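Engineer: Contents are mmCIF, C-alpha atoms; file name work-v2.cif:
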```cif
data_final
#
loop_
_atom_site.label_atom_id
_atom_site.label_comp_id
_atom_site.auth_asym_id
_atom_site.auth_seq_id
_atom_site.Cartn_x
_atom_site.Cartn_y
_atom_site.Cartn_z
CA MET A 189 -7.87 -2.40 36.99
CA VAL A 190 -5.75 -3.71 34.15
CA PHE A 191 -6.94 -3.63 30.55
CA LYS A 192 -5.75 -6.27 28.12
CA LEU A 193 -6.08 -5.34 24.47
CA PHE A 194 -6.35 -8.17 22.01
CA TYR A 195 -6.05 -7.52 18.27
CA ASN A 196 -6.36 -10.47 15.93
CA ASN A 197 -9.20 -9.33 13.68
CA SER A 198 -11.53 -9.81 16.63
CA PRO A 199 -13.47 -7.38 18.87
CA LEU A 200 -11.60 -5.52 21.56
CA ILE A 201 -11.69 -7.40 24.86
CA ASN A 202 -10.97 -5.71 28.18
CA SER A 203 -10.64 -7.93 31.22
CA THR A 204 -10.74 -6.71 34.78
CA ILE A 205 -8.27 -8.39 37.08
CA ASN A 206 -8.74 -8.23 40.85
CA SER A 207 -6.50 -9.62 43.56
CA THR A 208 -9.56 -10.98 45.40
CA ASN A 209 -11.49 -14.04 44.28
CA HIS A 210 -14.84 -12.34 43.59
CA GLU A 211 -15.45 -11.21 40.00
CA GLU A 212 -16.04 -7.61 38.90
CA PRO A 213 -18.22 -6.64 35.91
CA ILE A 214 -16.40 -6.65 32.57
CA SER A 215 -15.50 -3.12 31.47
CA SER A 216 -15.13 -2.09 27.83
CA LEU A 217 -13.29 0.76 26.16
CA LEU A 218 -16.36 1.15 23.99
CA THR A 219 -18.16 2.69 26.96
CA PHE A 220 -15.54 5.45 27.29
CA PRO A 221 -16.36 8.93 25.93
CA ASN A 222 -14.59 9.98 22.74
CA GLU A 223 -12.55 12.64 24.58
CA LEU A 224 -11.03 10.04 26.91
CA LEU A 225 -10.40 7.59 24.07
CA LEU A 226 -8.62 10.35 22.17
CA LEU A 227 -6.28 10.92 25.13
CA LEU A 228 -5.58 7.20 25.40
CA PHE A 229 -4.88 6.80 21.68
CA GLU A 230 -2.54 9.80 21.63
CA SER A 231 -0.30 8.12 24.22
CA LEU A 232 0.27 5.08 21.97
CA ASP A 233 2.78 4.53 19.18
CA ILE A 234 1.76 4.45 15.53
CA PRO A 235 1.59 0.62 15.16
CA SER A 236 -0.72 0.41 18.20
CA ILE A 237 -2.95 3.18 16.85
CA LEU A 238 -3.19 1.35 13.53
CA SER A 239 -4.18 -1.84 15.36
CA LEU A 240 -6.94 -0.05 17.27
CA SER A 241 -8.22 1.58 14.09
CA ASN A 242 -9.04 -1.91 12.85
CA VAL A 243 -11.34 -2.74 15.78
CA CYS A 244 -14.47 -0.82 14.80
CA ASN A 245 -15.62 2.27 12.90
CA ARG A 246 -15.67 4.41 16.06
CA PHE A 247 -12.06 3.56 16.88
CA LEU A 248 -11.14 4.19 13.23
CA LEU A 249 -12.47 7.78 13.36
CA ILE A 250 -10.53 8.51 16.56
CA ALA A 251 -7.37 6.77 15.31
CA GLN A 252 -7.36 8.84 12.12
CA ILE A 253 -7.17 12.05 14.16
CA CYS A 254 -4.32 10.66 16.26
CA LEU A 255 -2.41 9.43 13.21
CA ALA A 256 -2.71 12.83 11.53
CA LYS A 257 -1.22 14.50 14.62
CA ARG A 258 1.53 11.89 14.89
CA PHE A 259 2.44 12.16 11.20
CA LYS A 260 2.67 15.93 11.52
CA ASP A 261 4.67 16.05 14.76
CA SER A 262 7.05 13.14 14.09
CA LYS A 263 9.75 12.63 11.46
CA PHE A 264 7.47 10.37 9.46
CA GLU A 265 8.33 10.38 5.74
CA LEU A 266 7.36 8.36 2.69
CA SER A 267 9.98 7.58 0.04
CA LEU A 268 8.65 6.77 -3.42
CA PHE A 269 11.07 4.94 -5.75
CA PHE A 270 10.72 5.09 -9.54
CA ASP A 271 12.42 3.49 -12.52
CA GLN A 272 11.92 2.80 -16.22
CA GLU A 273 12.67 -0.78 -17.22
CA TYR A 274 14.83 -1.05 -14.08
CA ARG A 275 16.98 1.87 -15.22
CA GLN A 276 16.94 5.61 -14.56
CA LYS A 277 16.24 4.90 -10.91
CA CYS A 278 15.26 7.81 -8.67
CA TYR A 279 13.26 8.54 -5.56
CA VAL A 280 11.31 11.39 -3.95
CA ASP A 281 10.69 11.95 -0.23
CA PHE A 282 7.17 12.92 0.83
CA ILE A 283 6.02 14.53 4.09
CA PHE A 284 2.56 14.70 5.63
CA GLU A 285 0.40 17.65 4.56
CA ARG A 286 -3.16 17.12 5.80
CA PHE A 287 -5.96 14.71 6.66
CA ASP A 288 -9.35 14.89 4.94
CA SER A 289 -12.01 13.87 7.48
CA GLU A 290 -14.66 13.52 4.76
CA THR A 291 -12.77 10.97 2.68
CA GLY A 292 -10.65 9.53 5.51
CA ARG A 293 -7.48 9.88 3.44
CA PHE A 294 -4.02 11.20 4.28
CA THR A 295 -2.27 13.52 1.84
CA PHE A 296 1.52 13.67 1.48
CA ILE A 297 3.46 16.19 -0.62
CA PRO A 298 7.10 16.19 -1.84
CA LYS A 299 9.59 17.35 0.75
CA ASN A 300 11.52 19.22 -1.94
CA LEU A 301 10.73 20.22 -5.50
CA LYS A 302 12.07 17.51 -7.78
CA PHE A 303 11.66 16.63 -11.47
CA LEU A 304 12.09 13.10 -12.84
CA ARG A 305 13.33 12.50 -16.39
CA PHE A 306 11.88 9.58 -18.37
CA ILE A 307 11.56 8.59 -22.04
CA ASN A 308 8.29 8.41 -23.96
CA SER A 309 8.80 5.87 -26.75
CA ARG A 310 7.09 2.82 -28.22
CA MET A 311 10.33 0.93 -27.74
CA VAL A 312 10.52 1.70 -24.01
CA GLY A 313 8.06 0.68 -21.34
CA SER A 314 6.28 3.19 -19.13
CA PRO A 315 8.03 4.35 -15.96
CA LYS A 316 6.85 2.65 -12.80
CA LEU A 317 6.37 3.47 -9.17
CA ARG A 318 8.33 0.48 -7.98
CA LYS A 319 8.54 0.83 -4.22
CA ILE A 320 7.24 2.86 -1.26
CA GLN A 321 9.04 2.89 2.08
CA PHE A 322 8.55 4.94 5.22
CA THR A 323 10.86 6.19 7.92
CA GLY A 324 10.33 7.80 11.31
CA PHE A 325 7.76 5.18 12.32
CA ASP A 326 8.18 5.85 16.06
CA ASN A 327 11.76 4.54 15.68
CA ASN A 328 10.37 1.05 15.27
CA ALA A 329 12.90 -0.70 13.01
CA LYS A 330 10.69 -3.69 12.18
CA PHE A 331 8.24 -1.40 10.38
CA ASP A 332 10.88 0.52 8.43
CA ASN A 333 12.46 -0.46 5.11
CA LYS A 334 9.48 -2.52 3.95
CA ASN A 335 8.09 -2.09 0.47
CA LEU A 336 4.45 -1.06 0.96
CA LEU A 337 3.73 -1.97 -2.66
CA GLN A 338 5.11 -5.50 -2.13
CA LYS A 339 5.54 -6.86 -5.68
CA LYS A 340 2.83 -4.75 -7.27
CA PRO A 341 4.53 -1.84 -9.13
CA CYS A 342 2.33 0.89 -10.56
CA ALA A 343 2.82 1.90 -14.23
CA LEU A 344 2.75 5.66 -14.87
CA PRO A 345 1.52 6.84 -18.29
CA ILE A 346 3.50 9.79 -19.69
CA GLU A 347 2.07 10.05 -23.21
CA LEU A 348 -0.15 13.07 -22.48
CA ASN A 349 2.03 16.16 -22.61
CA ASN A 350 1.45 19.19 -20.37
CA SER A 351 -1.14 17.38 -18.28
CA THR A 352 -1.82 16.43 -14.67
CA ILE A 353 -2.50 12.75 -14.08
CA LYS A 354 -4.03 10.99 -11.09
CA LYS A 355 -2.91 7.37 -11.05
CA THR A 356 -4.98 5.16 -8.72
CA SER A 357 -3.99 1.62 -7.85
CA PHE A 358 -4.44 -0.98 -5.10
CA VAL A 359 -2.47 -3.07 -2.65
CA TYR A 360 -3.70 -5.75 -0.26
CA ARG A 361 -3.46 -5.81 3.51
CA ILE A 362 -4.52 -7.81 6.57
CA GLY A 363 -7.41 -6.23 8.45
CA ARG A 364 -11.14 -5.79 8.96
CA GLY A 365 -11.69 -9.53 9.07
CA SER A 366 -9.82 -10.21 5.82
CA THR A 367 -6.34 -11.34 4.84
CA HIS A 368 -6.86 -9.76 1.41
CA LEU A 369 -8.15 -6.28 2.25
CA LYS A 370 -7.99 -4.01 -0.81
CA SER A 371 -6.40 -0.64 -0.03
CA GLN A 372 -6.51 2.15 -2.60
CA TYR A 373 -3.85 4.82 -3.07
CA THR A 374 -3.50 7.72 -5.53
CA PHE A 375 -0.34 9.28 -6.92
CA THR A 376 -0.76 12.64 -8.67
CA TYR A 377 1.91 14.05 -11.00
CA SER A 378 2.32 16.42 -13.92
CA VAL A 379 3.93 15.59 -17.28
CA SER A 380 5.78 17.99 -19.56
CA ASP A 381 8.20 17.76 -22.48
CA SER A 382 9.87 21.06 -21.49
CA PRO A 383 12.86 20.69 -19.16
CA PRO A 384 12.80 22.52 -15.83
CA PRO A 385 15.18 25.44 -15.17
CA LEU A 386 18.92 24.65 -15.24
CA MET A 387 18.26 21.42 -17.18
CA ARG A 388 18.25 20.76 -20.91
CA ILE A 389 16.95 18.22 -23.41
CA THR A 390 19.45 15.47 -24.18
CA ARG A 391 17.39 13.32 -26.56
CA GLY A 392 14.00 13.12 -28.25
CA GLY A 393 10.94 11.86 -26.44
CA GLU A 394 11.98 13.09 -23.00
CA ARG A 395 9.24 13.66 -20.47
CA TRP A 396 9.58 15.42 -17.16
CA ILE A 397 7.47 14.21 -14.25
CA LYS A 398 6.79 16.50 -11.34
CA PRO A 399 5.40 14.60 -8.30
CA LEU A 400 2.54 16.52 -6.68
CA ARG A 401 0.67 14.40 -4.12
CA PHE A 402 0.31 10.95 -2.64
CA GLU A 403 -2.98 10.00 -0.97
CA CYS A 404 -3.95 6.89 0.96
CA SER A 405 -6.22 5.64 3.74
CA PRO A 406 -5.03 4.33 7.16
CA CYS A 407 -5.31 0.70 6.01
CA PHE A 408 -2.48 1.38 3.53
CA PHE A 409 -0.15 1.09 6.56
CA TYR A 410 -1.71 -2.13 7.85
CA PRO A 411 0.37 -5.36 7.79
CA HIS A 412 0.95 -7.05 4.44
CA GLU A 413 -0.83 -10.16 3.28
CA PRO A 414 0.82 -13.49 4.30
CA ILE A 415 3.78 -14.61 2.21
CA ALA A 416 2.15 -17.97 1.48
CA HIS A 417 -0.98 -16.27 0.22
CA GLN A 418 1.11 -14.00 -2.00
CA ILE A 419 2.97 -16.99 -3.49
CA ILE A 420 -0.31 -18.75 -4.27
CA TRP A 421 -1.65 -15.56 -5.86
CA ASP A 422 1.48 -15.29 -8.05
CA ILE A 423 1.09 -18.92 -9.15
CA ILE A 424 -2.54 -18.29 -10.15
CA HIS A 425 -1.54 -15.26 -12.23
CA PHE A 426 1.33 -17.24 -13.80
CA LYS A 427 -1.03 -20.02 -14.89
CA LYS A 428 -3.48 -17.52 -16.36
CA ASN A 429 -0.69 -15.86 -18.34
CA GLN A 430 0.57 -19.23 -19.62
CA ILE A 431 -2.91 -20.16 -20.82
CA LYS A 432 -3.22 -16.84 -22.66
CA LYS A 433 0.21 -17.19 -24.28
CA HIS A 434 0.06 -20.89 -25.26
CA PRO A 435 -3.60 -21.96 -25.51
CA ILE A 436 -3.00 -24.33 -28.48
CA ILE A 437 -0.07 -26.17 -26.86
CA LEU A 438 -1.94 -26.62 -23.60
CA ARG A 439 -5.04 -27.86 -25.46
CA ASN A 440 -2.94 -30.38 -27.42
CA LEU A 441 -1.33 -31.59 -24.21
CA SER A 442 -4.73 -32.12 -22.64
CA GLU A 443 -5.94 -34.01 -25.73
CA ILE A 444 -2.84 -36.23 -25.67
CA SER A 445 -3.32 -37.02 -22.00
CA LEU A 446 -7.00 -37.88 -22.59
CA SER A 447 -6.17 -40.13 -25.56
CA SER A 448 -3.51 -41.95 -23.55
CA MET A 449 -6.00 -42.55 -20.78
CA ASN A 450 -8.52 -43.98 -23.26
CA THR A 451 -5.85 -46.29 -24.72
CA GLU A 452 -4.94 -47.61 -21.28
CA ASN A 453 -8.59 -48.28 -20.51
CA THR A 454 -9.03 -50.21 -23.79
CA ASN A 455 -5.95 -52.36 -23.14
CA SER A 456 -7.07 -53.18 -19.67
CA GLU A 457 -10.44 -54.42 -20.98
#
```
Translate the structure described by the file into structure tokens.
Structural biologist:
Amino acid sequence: MVFKLFYNNSPLINSTINSTNHEEPISSLLTFPNELLLLLFESLDIPSILSLSNVCNRFLLIAQICLAKRFKDSKFELSLFFDQEYRQKCYVDFIFERFDSETGRFTFIPKNLKFLRFINSRMVGSPKLRKIQFTGFDNNAKFDNKNLLQKKPCALPIELNNSTIKKTSFVYRIGRGSTHLKSQYTFTYSVSDSPPPLMRITRGGERWIKPLRFECSPCFFYPHEPIAHQIIWDIIHFKKNQIKKHPIILRNLSEISLSSMNTENTNSE
């Protein structure tokens, strides 16, 4: 008996192939007990487990357990890249800490204690979480070195001194019957104006960020939205921004075009 697994945002289909001509009843993985499914999932690589987690809610619950074990046992790491106005670039490596079965979210913590220095000033924009990459993805090169945030950086407020901030944002993925699946993630950090040990203040307005946690659901690691869809989405946002910036000019252009059309109609009559 050979099982063929098909994953294209459609139900899981298992076909039974026999060398003889007579047909056997169709068998489904959905009829397997959870213990057996757990053993099957544990033998797969991370991309395959993520694909199966997108089939149904039952597979998702089992896949989450397998992913937590794989993240813990493998060399899987997340690298978060930060900058402030494309300067003061730095990054922090995160490793898997735990899986919360109640919320269905994975928690990652910094691999090493690290403080990030940024400037709090009205003349300087807020620092941003610019990129997230992962390594150790079952040694599958095509999944490494991709920016999980795509072109959606996350601004990090640092005005509140001596505080802990949870910054929640979204990215979009392909899965669960949608090419624009919203996936939420949370980055937690502390802010202080006092330098850490062995470091000193070099200018006014300095803030020190200490990364604490990064949390996300399994769909955060799903495939990205199509490039064409992303381009269209960027064009829509660009048009909206242009209308907000130059409403009078655009209105005048529309009035001119309408008047020219009326003139042409009058001449033709």
Engineer: Could you write out as a list of chain:residue names the residues that the PyMOL selection byres ((chain A and resi 321) around 8) matches in the shown file?
Structural biologist: A:Leu266, A:Ser267, A:Leu268, A:Lys319, A:Ile320, A:Phe322, A:Thr323, A:Asp332, A:Asn333, A:Lys334, A:Asn335, A:Leu336
Engineer: Write out as a PyMOL selection string each polymer residue whose atoms come within 12 Å of Glu230 of chain A, counting only C-alpha atoms; drop sequence neighbours fewer than 6 positions from it.
Structural biologist: chain A and resi 223-224+236-238+240+250-259+261
Engineer: Which residues are close to segment 391-406 of chain A, i.e. within 7 Å by all atoms listed in the file, leaving aside same-chain residues fewer than 6 positions away? Reply as an NGL selection string.
Structural biologist: :A and (292-298 or 302-309 or 346 or 372-381 or 383)
Engineer: Print the selection's residues with C-alpha atoms to a file, as a tab-separated table (two decimals), in the coordinates of the input.
Structural biologist:
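Listed below is the output, again.tsv:
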```tsv
chain	number	residue	atom	x	y	z
A	292	GLY	CA	-10.65	9.53	5.51
A	293	ARG	CA	-7.48	9.88	3.44
A	294	PHE	CA	-4.02	11.20	4.28
A	295	THR	CA	-2.27	13.52	1.84
A	296	PHE	CA	1.52	13.67	1.48
A	297	ILE	CA	3.46	16.19	-0.62
A	298	PRO	CA	7.10	16.19	-1.84
A	302	LYS	CA	12.07	17.51	-7.78
A	303	PHE	CA	11.66	16.63	-11.47
A	304	LEU	CA	12.09	13.10	-12.84
A	305	ARG	CA	13.33	12.50	-16.39
A	306	PHE	CA	11.88	9.58	-18.37
A	307	ILE	CA	11.56	8.59	-22.04
A	308	ASN	CA	8.29	8.41	-23.96
A	309	SER	CA	8.80	5.87	-26.75
A	346	ILE	CA	3.50	9.79	-19.69
A	372	GLN	CA	-6.51	2.15	-2.60
A	373	TYR	CA	-3.85	4.82	-3.07
A	374	THR	CA	-3.50	7.72	-5.53
A	375	PHE	CA	-0.34	9.28	-6.92
A	376	THR	CA	-0.76	12.64	-8.67
A	377	TYR	CA	1.91	14.05	-11.00
A	378	SER	CA	2.32	16.42	-13.92
A	379	VAL	CA	3.93	15.59	-17.28
A	380	SER	CA	5.78	17.99	-19.56
A	381	ASP	CA	8.20	17.76	-22.48
A	383	PRO	CA	12.86	20.69	-19.16
```
Engineer: Quick check, in Å to one decimal: how far apart do atom CA of Leu248 of chain A and atom CA of Gln338 of chain A lie?
Structural biologist: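 Between atom CA of Leu248 of chain A and atom CA of Gln338 of chain A the gap works out to 24.4 Å.
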Engineer: Decode the PyMOL selection byres ((chain A and resi 410) around 7) for the given file into explicit residues and return them as a list in words.
Structural biologist: Leu238, Arg361, Ile362, Cys407, Phe408, Phe409, Pro411 and His412 of chain A
Engineer: For Phe269 of chain A, find every residue with an atom within 7 Å (counting only C-alpha atoms), except residues of its own chain fewer than 5 positions away, and show them as a list in words.
Structural biologist: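 Listing them by chain and then by number gives Cys278, Tyr279, Val280, Leu317, Arg318, Lys319 and Ile320 of chain A.
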Engineer: Select, from A:Leu337, A:Cys342, A:Leu217, A:Ile353, the residue with the minimum atom-to-atom distance to Ser314 of chain A, counting only C-alpha atoms.
Structural biologist: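 Nearest candidate to Ser314 of chain A out of A:Leu337, A:Cys342, A:Leu217, A:Ile353: A:Cys342.
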Engineer: In Å, with one decimal, what is the gap from atom CA of Pro315 of chain A to atom CA of Ala343 of chain A?
Structural biologist: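 Atom CA of Ala343 of chain A lies at a distance of 6.0 Å from atom CA of Pro315 of chain A.
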Engineer: Evaluate the PyMOL selection byres ((chain A and resi 273) around 8) and record the selected residues as a list in words, following the chain and residue labels used in the document.
Structural biologist: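 On this input, the PyMOL selection byres ((chain A and resi 273) around 8) captures Asp271, Gln272, Tyr274, Arg275, Val312, Gly313, Ser314 and Pro315 of chain A.
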Engineer: What's the separation between atom CA of Asn300 of chain A and atom CA of Glu347 of chain A, in Å to one decimal place?
Structural biologist: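 Atom-to-atom, atom CA of Asn300 of chain A and atom CA of Glu347 of chain A are spaced 25.0 Å apart.
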Engineer: Which is closer to Asn350 of chain A than all the others in A:Ser371, A:Ser366, A:Ser289, A:Ser382, using all atoms listed in the file?
Structural biologist: A:Ser382
